[in-house]
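*Asks:* Submitted below is the structure of interest, expressed as structure tokens.
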Amino acid sequence: MNHTLYGDGIHDDTAAIQEMLDTANCVYLPAAKNCYLISKTLRIHSQNELHLDRFTEVKLAAKSNCPMLTNDDHANGNKRICITGGIWNGNNTEQAPNPQMLADSDGNARNSDAHKRMSIPADYPADPVTGKAEAWNPNIAYHPDRYYGVIWRFVNVDGFEVQNITLKNPVSYAVQCGNVRNFTIEHVTFDYNMGNPSPDNMDGLHFDGFCRNGFIRDLKGACYDDLLAFNAEDVAVDSPGFGPIENIVVDGIFADRCHSAVRLLSCGSMVRNITIRNVYGTFYRYAIGFTHFMRELPNGKFDNITLENLHIGKALPFEEDWNRCPDWGLIWVQEKADVGALKISGFHRIEETTAVANIEIEKDSTVAQLTLDDISLENHLIQPLSVVQNSGFIGTLVFNGVCRTVTAEGANQITVIDNRGVIENRIKG
């Protein structure tokens with residue numbers, strides 16, 4: 001090797017690790033004396049495997065302000081990339097702060113749901129499009145070299161395998177994927193502090209348009225935005241592409257006091273054939289959301305969504321969280337969302353914090369067929385609870401009407417179906 005691999009947490013190992021990736025198809029990083037310190041983005045090639053021992057740490061050096069790892073050819077694409085093991089530490093407190101938490105140069109906050117913003121630091125990295133330091137600006141087009149605070153970014157990969165990793169302290173997303181096909185991601189732990197400067201926009205695994213044919217299993221730890229996000233259309237500034245997302249199985253999410261388990265987002269492109277099962281935890285915004293977000297764009301489109309074996313409840317948000325969002329139902333269908341078939345089976349909730357519905361369907365949203373089976377709700381609150389609160393349109397509700405309800409001493413009543421909208425047909429399952 002032309003470069004020395006130190007692993008002492010002091011010397012920069014970027015050049016040595018990149019040399020290994022450039023010259024071998026299978027790269028093994030031996031256990032480090034301390035950790036591997038990198039200062040630039042590592043680029044992995046097609047038919048590359050990068051293997052670390054489970055708890056070998058790779059740490060982003062202070063003021064690096066870049067992703068830690070990406071594929072080398074976003075434009076033409078890569079094939080067959082495998083990453084195993086390691087603690088990938090984004091070292092967020094020593095990077096530039098989250099751009100979504102900054103005020104504009106004139107001191108205004110772009111996000112109306114936040115009550116404070118930081119000024120842009122003097123040493124903030126220049127935007128590759130405008131050439132000047134910028135807060136998060138939705139009117140600027142996506143650029144792969146823009147600072148956004150992600151740990152990994154993978155775009156246009158066919159055959160992507162990841163297992164046995166810890167993702168630690170990102171500024172924003174831990175992993176961002178766009179146009180990733182035929183992928184398996186399993187045994188992932190999220191280890192997050194309270195962010196830089198606050199626990200906001202800290203997604204876990206974030207998938208943008210054209211992601212398809214995937215299996216995601218065994219995710220553990222709380223994230224301070226969506227633990228999983230499937231965003232067919234996102235804000236253009238931070239999305240490598242808009243398009244459908246389909247054919248994905250999620251099996252096993254374990255998270256206490258997490259923002260949300262799974263976000264499904266569409267503003268016209270289809271999100272379909274998604275199965276989410278075995279979710280355990282408490283969530284302070286929603287657990288699974290069918291969201292629209294950008295109201296000026298067409299309705300969201302979702303179909304063939306199956307939710308199974310959910311043992312979930314609400315949690316209280318953190319005081320450190322700058323955003324002040326409403327409390328939504330655990331399964332939340334936002335206005336301007338059009339859902340085809342939605343099946344929910346094995347949904348069990350014990351509620352001790354927040355009086356919102358198990359399933360909330362907002363006005364100006366539709367669910368063509370909602371199938372419910374094996375539901376239970378235990379209320380410990382002085383406020384009433386409902387299993388389904390419908391303010392939109394349900395074409396067909398398939399439900400045998402049997403829901404096991406428990407009201408704790410001193411708690412309020414439970415309503416199974418609180419219909420404020422339209423339910424056209426009801427069928428006993």
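Lettering and numbering for the structure tokens are positional, with chains as A, B, ... in the shown order, residues counted from 1 in each chain, and ligands counted from 1 in the shown order.
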Using only C-alpha atoms, which residues sit within 9 Å of A:Glu360 once same-chain residues fewer than 6 positions away are excluded, as a list in words?
*Replies:*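 Non-adjacent residues within range: Trp328, Gly329, Leu330, Ile331, Trp332, Val333, Gln334, Val387, Val388, Gln389, Asn390 and Ser391 of chain A.
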*Asks:* Can those selected residues be exported to a file as a PDB file, in the first residue's frame so that it contains C-alpha atoms?
*Replies:*
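And here's out.pdb as it stands now:
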ATOM      1  CA  TRP A 328     -51.411  12.625  14.934  1.00  0.00           C
ATOM      2  CA  GLY A 329     -52.954   9.180  15.143  1.00  0.00           C
ATOM      3  CA  LEU A 330     -50.635   6.224  15.347  1.00  0.00           C
ATOM      4  CA  ILE A 331     -51.607   5.260  11.818  1.00  0.00           C
ATOM      5  CA  TRP A 332     -52.169   8.596  10.090  1.00  0.00           C
ATOM      6  CA  VAL A 333     -53.680   9.203   6.654  1.00  0.00           C
ATOM      7  CA  GLN A 334     -53.017  12.862   5.917  1.00  0.00           C
ATOM      8  CA  VAL A 387     -59.847   2.984  17.296  1.00  0.00           C
ATOM      9  CA  VAL A 388     -60.772   4.570  13.954  1.00  0.00           C
ATOM     10  CA  GLN A 389     -61.391   8.295  13.564  1.00  0.00           C
ATOM     11  CA  ASN A 390     -62.555   8.919  10.018  1.00  0.00           C
ATOM     12  CA  SER A 391     -63.005  12.433   8.653  1.00  0.00           C
TER      13      SER A 391
END
*Asks:* Stretch 214-254 of chain A: which residues are strand (DSSP E) by DSSP, as a PyMOL selection string?
*Replies:* chain A and resi 214-220+226-231+245-254
*Asks:* Taking into account only C-alpha atoms, which residue in the set A:Leu167, A:Leu377, A:Met202, A:Met294 is nearest to A:Cys267?
*Replies:*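 Between A:Leu167, A:Leu377, A:Met202, A:Met294, the residue approaching A:Cys267 most closely is A:Met294.
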*Asks:* Might you pull out every residue within 7 Å of stretch 301-314 of chain A, with only C-alpha atoms counted and same-chain residues fewer than 2 positions away left off, and present them as an mmCIF file with N, CA and C atoms, in the first residue's frame?
*Replies:*
data_model
loop_
_atom_site.group_PDB
_atom_site.id
_atom_site.type_symbol
_atom_site.label_atom_id
_atom_site.label_comp_id
_atom_site.auth_asym_id
_atom_site.auth_seq_id
_atom_site.Cartn_x
_atom_site.Cartn_y
_atom_site.Cartn_z
ATOM 1 N N SER A 266 -46.136 10.531 -0.804
ATOM 2 C CA SER A 266 -46.358 10.629 -2.234
ATOM 3 C C SER A 266 -47.034 11.945 -2.563
ATOM 4 N N GLY A 268 -48.060 12.194 -5.961
ATOM 5 C CA GLY A 268 -48.464 11.811 -7.302
ATOM 6 C C GLY A 268 -47.887 10.494 -7.770
ATOM 7 N N SER A 269 -46.647 10.167 -7.392
ATOM 8 C CA SER A 269 -46.065 8.879 -7.751
ATOM 9 C C SER A 269 -46.570 7.797 -6.799
ATOM 10 N N MET A 270 -46.723 6.586 -7.325
ATOM 11 C CA MET A 270 -47.316 5.505 -6.540
ATOM 12 C C MET A 270 -46.326 4.922 -5.534
ATOM 13 N N VAL A 271 -46.813 4.724 -4.312
ATOM 14 C CA VAL A 271 -46.111 3.934 -3.298
ATOM 15 C C VAL A 271 -46.980 2.704 -3.066
ATOM 16 N N ARG A 272 -46.484 1.524 -3.407
ATOM 17 C CA ARG A 272 -47.362 0.354 -3.421
ATOM 18 C C ARG A 272 -46.605 -0.927 -3.080
ATOM 19 N N ASN A 273 -47.394 -1.920 -2.731
ATOM 20 C CA ASN A 273 -46.883 -3.253 -2.426
ATOM 21 C C ASN A 273 -45.833 -3.197 -1.310
ATOM 22 N N ILE A 274 -46.249 -2.600 -0.203
ATOM 23 C CA ILE A 274 -45.373 -2.442 0.961
ATOM 24 C C ILE A 274 -45.977 -3.224 2.119
ATOM 25 N N THR A 275 -45.203 -4.100 2.733
ATOM 26 C CA THR A 275 -45.604 -4.825 3.939
ATOM 27 C C THR A 275 -44.709 -4.384 5.090
ATOM 28 N N ILE A 276 -45.346 -3.987 6.195
ATOM 29 C CA ILE A 276 -44.624 -3.559 7.399
ATOM 30 C C ILE A 276 -45.135 -4.406 8.544
ATOM 31 N N ARG A 277 -44.264 -5.155 9.171
ATOM 32 C CA ARG A 277 -44.721 -6.054 10.233
ATOM 33 C C ARG A 277 -43.737 -6.055 11.402
ATOM 34 N N ASN A 278 -44.291 -6.435 12.559
ATOM 35 C CA ASN A 278 -43.494 -6.589 13.776
ATOM 36 C C ASN A 278 -42.849 -5.266 14.192
ATOM 37 N N VAL A 279 -43.710 -4.313 14.541
ATOM 38 C CA VAL A 279 -43.269 -3.001 15.004
ATOM 39 C C VAL A 279 -43.588 -2.883 16.491
ATOM 40 N N TYR A 280 -42.576 -2.564 17.296
ATOM 41 C CA TYR A 280 -42.714 -2.435 18.741
ATOM 42 C C TYR A 280 -42.144 -1.087 19.164
ATOM 43 N N GLY A 281 -42.894 -0.318 19.954
ATOM 44 C CA GLY A 281 -42.317 0.915 20.455
ATOM 45 C C GLY A 281 -43.330 2.001 20.706
ATOM 46 N N THR A 282 -42.818 3.187 21.038
ATOM 47 C CA THR A 282 -43.637 4.371 21.282
ATOM 48 C C THR A 282 -43.128 5.496 20.391
ATOM 49 N N PHE A 283 -44.077 6.322 19.910
ATOM 50 C CA PHE A 283 -43.774 7.294 18.859
ATOM 51 C C PHE A 283 -44.498 8.598 19.171
ATOM 52 N N TYR A 284 -43.801 9.734 18.993
ATOM 53 C CA TYR A 284 -44.387 10.999 19.433
ATOM 54 C C TYR A 284 -45.007 11.826 18.327
ATOM 55 N N ASN A 299 -52.436 14.799 -5.323
ATOM 56 C CA ASN A 299 -52.675 13.913 -4.187
ATOM 57 C C ASN A 299 -51.657 12.770 -4.146
ATOM 58 N N LEU A 316 -44.165 11.118 24.452
ATOM 59 C CA LEU A 316 -44.090 12.568 24.523
ATOM 60 C C LEU A 316 -42.853 13.057 23.784
ATOM 61 N N ALA A 337 -54.324 12.379 0.638
ATOM 62 C CA ALA A 337 -53.757 11.052 0.427
ATOM 63 C C ALA A 337 -54.859 10.141 -0.102
ATOM 64 N N ASP A 338 -54.597 9.462 -1.210
ATOM 65 C CA ASP A 338 -55.536 8.506 -1.791
ATOM 66 C C ASP A 338 -54.937 7.113 -1.659
ATOM 67 N N VAL A 339 -55.563 6.298 -0.818
ATOM 68 C CA VAL A 339 -55.068 4.960 -0.520
ATOM 69 C C VAL A 339 -56.006 3.952 -1.167
ATOM 70 N N GLY A 340 -55.464 2.979 -1.873
ATOM 71 C CA GLY A 340 -56.268 1.911 -2.442
ATOM 72 C C GLY A 340 -56.630 0.896 -1.374
ATOM 73 N N ALA A 341 -55.872 -0.188 -1.275
ATOM 74 C CA ALA A 341 -56.116 -1.230 -0.272
ATOM 75 C C ALA A 341 -55.145 -1.061 0.889
ATOM 76 N N LEU A 342 -55.705 -1.001 2.100
ATOM 77 C CA LEU A 342 -54.920 -0.922 3.334
ATOM 78 C C LEU A 342 -55.435 -1.978 4.287
ATOM 79 N N LYS A 343 -54.574 -2.920 4.652
ATOM 80 C CA LYS A 343 -54.951 -3.986 5.582
ATOM 81 C C LYS A 343 -54.126 -3.860 6.852
ATOM 82 N N ILE A 344 -54.818 -3.863 8.002
ATOM 83 C CA ILE A 344 -54.162 -3.745 9.300
ATOM 84 C C ILE A 344 -54.584 -4.939 10.141
ATOM 85 N N SER A 345 -53.616 -5.737 10.534
ATOM 86 C CA SER A 345 -53.906 -6.969 11.265
ATOM 87 C C SER A 345 -52.978 -7.094 12.460
ATOM 88 N N GLY A 346 -53.582 -7.296 13.647
ATOM 89 C CA GLY A 346 -52.764 -7.452 14.844
ATOM 90 C C GLY A 346 -52.203 -6.143 15.339
ATOM 91 N N PHE A 347 -53.103 -5.209 15.687
ATOM 92 C CA PHE A 347 -52.714 -3.867 16.153
ATOM 93 C C PHE A 347 -53.112 -3.788 17.629
ATOM 94 N N HIS A 348 -52.111 -3.725 18.511
ATOM 95 C CA HIS A 348 -52.360 -3.782 19.951
ATOM 96 C C HIS A 348 -51.684 -2.589 20.622
ATOM 97 N N ARG A 349 -52.487 -1.839 21.372
ATOM 98 C CA ARG A 349 -52.026 -0.575 21.942
ATOM 99 C C ARG A 349 -52.421 -0.448 23.399
ATOM 100 N N ILE A 350 -51.480 -0.070 24.226
ATOM 101 C CA ILE A 350 -51.742 0.346 25.607
ATOM 102 C C ILE A 350 -51.340 1.816 25.682
ATOM 103 N N GLU A 351 -52.314 2.709 25.943
ATOM 104 C CA GLU A 351 -52.049 4.141 25.839
ATOM 105 C C GLU A 351 -52.013 4.817 27.195
ATOM 106 N N THR A 353 -50.168 8.159 27.376
ATOM 107 C CA THR A 353 -49.664 9.530 27.248
ATOM 108 C C THR A 353 -50.564 10.463 26.447
ATOM 109 N N THR A 354 -51.063 10.043 25.278
ATOM 110 C CA THR A 354 -51.660 10.988 24.338
ATOM 111 C C THR A 354 -52.960 10.446 23.772
#
*Asks:* Taking a cut-off of 10 Å and counting only C-alpha atoms, can you build a table that, for each residue of stretch 2-121 of chain A near stretch 183-194 of chain A, reports the nearest atom pair and how far apart they are in Å (one decimal), sorted by chain then residue number, as JSON lines?
*Replies:*
{"residue": "A:Arg80", "atom": "CA", "partner": "A:Phe183", "partner_atom": "CA", "distance": 9.3}
{"residue": "A:Ile81", "atom": "CA", "partner": "A:Phe183", "partner_atom": "CA", "distance": 9.5}
{"residue": "A:Cys82", "atom": "CA", "partner": "A:Thr184", "partner_atom": "CA", "distance": 9.5}
{"residue": "A:Ile83", "atom": "CA", "partner": "A:Ile185", "partner_atom": "CA", "distance": 9.6}
{"residue": "A:Thr84", "atom": "CA", "partner": "A:Glu186", "partner_atom": "CA", "distance": 9.9}
{"residue": "A:Gly85", "atom": "CA", "partner": "A:Val188", "partner_atom": "CA", "distance": 9.5}
{"residue": "A:Ile87", "atom": "CA", "partner": "A:Thr189", "partner_atom": "CA", "distance": 9.1}
{"residue": "A:Trp88", "atom": "CA", "partner": "A:Asp191", "partner_atom": "CA", "distance": 9.8}
{"residue": "A:Asn89", "atom": "CA", "partner": "A:Asp191", "partner_atom": "CA", "distance": 9.0}
{"residue": "A:Gly90", "atom": "CA", "partner": "A:Tyr192", "partner_atom": "CA", "distance": 9.9}
{"residue": "A:Asn91", "atom": "CA", "partner": "A:Asn193", "partner_atom": "CA", "distance": 9.8}
{"residue": "A:Asn92", "atom": "CA", "partner": "A:Asn193", "partner_atom": "CA", "distance": 8.8}
{"residue": "A:Thr93", "atom": "CA", "partner": "A:Asn193", "partner_atom": "CA", "distance": 9.2}
*Asks:* Of the residues A:Pro99, A:Pro121, A:Pro240, A:Gly429, which is the one nearest to A:Asn201, using only C-alpha atoms?
*Replies:*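 Among the listed residues, the smallest separation from A:Asn201 belongs to A:Pro99.
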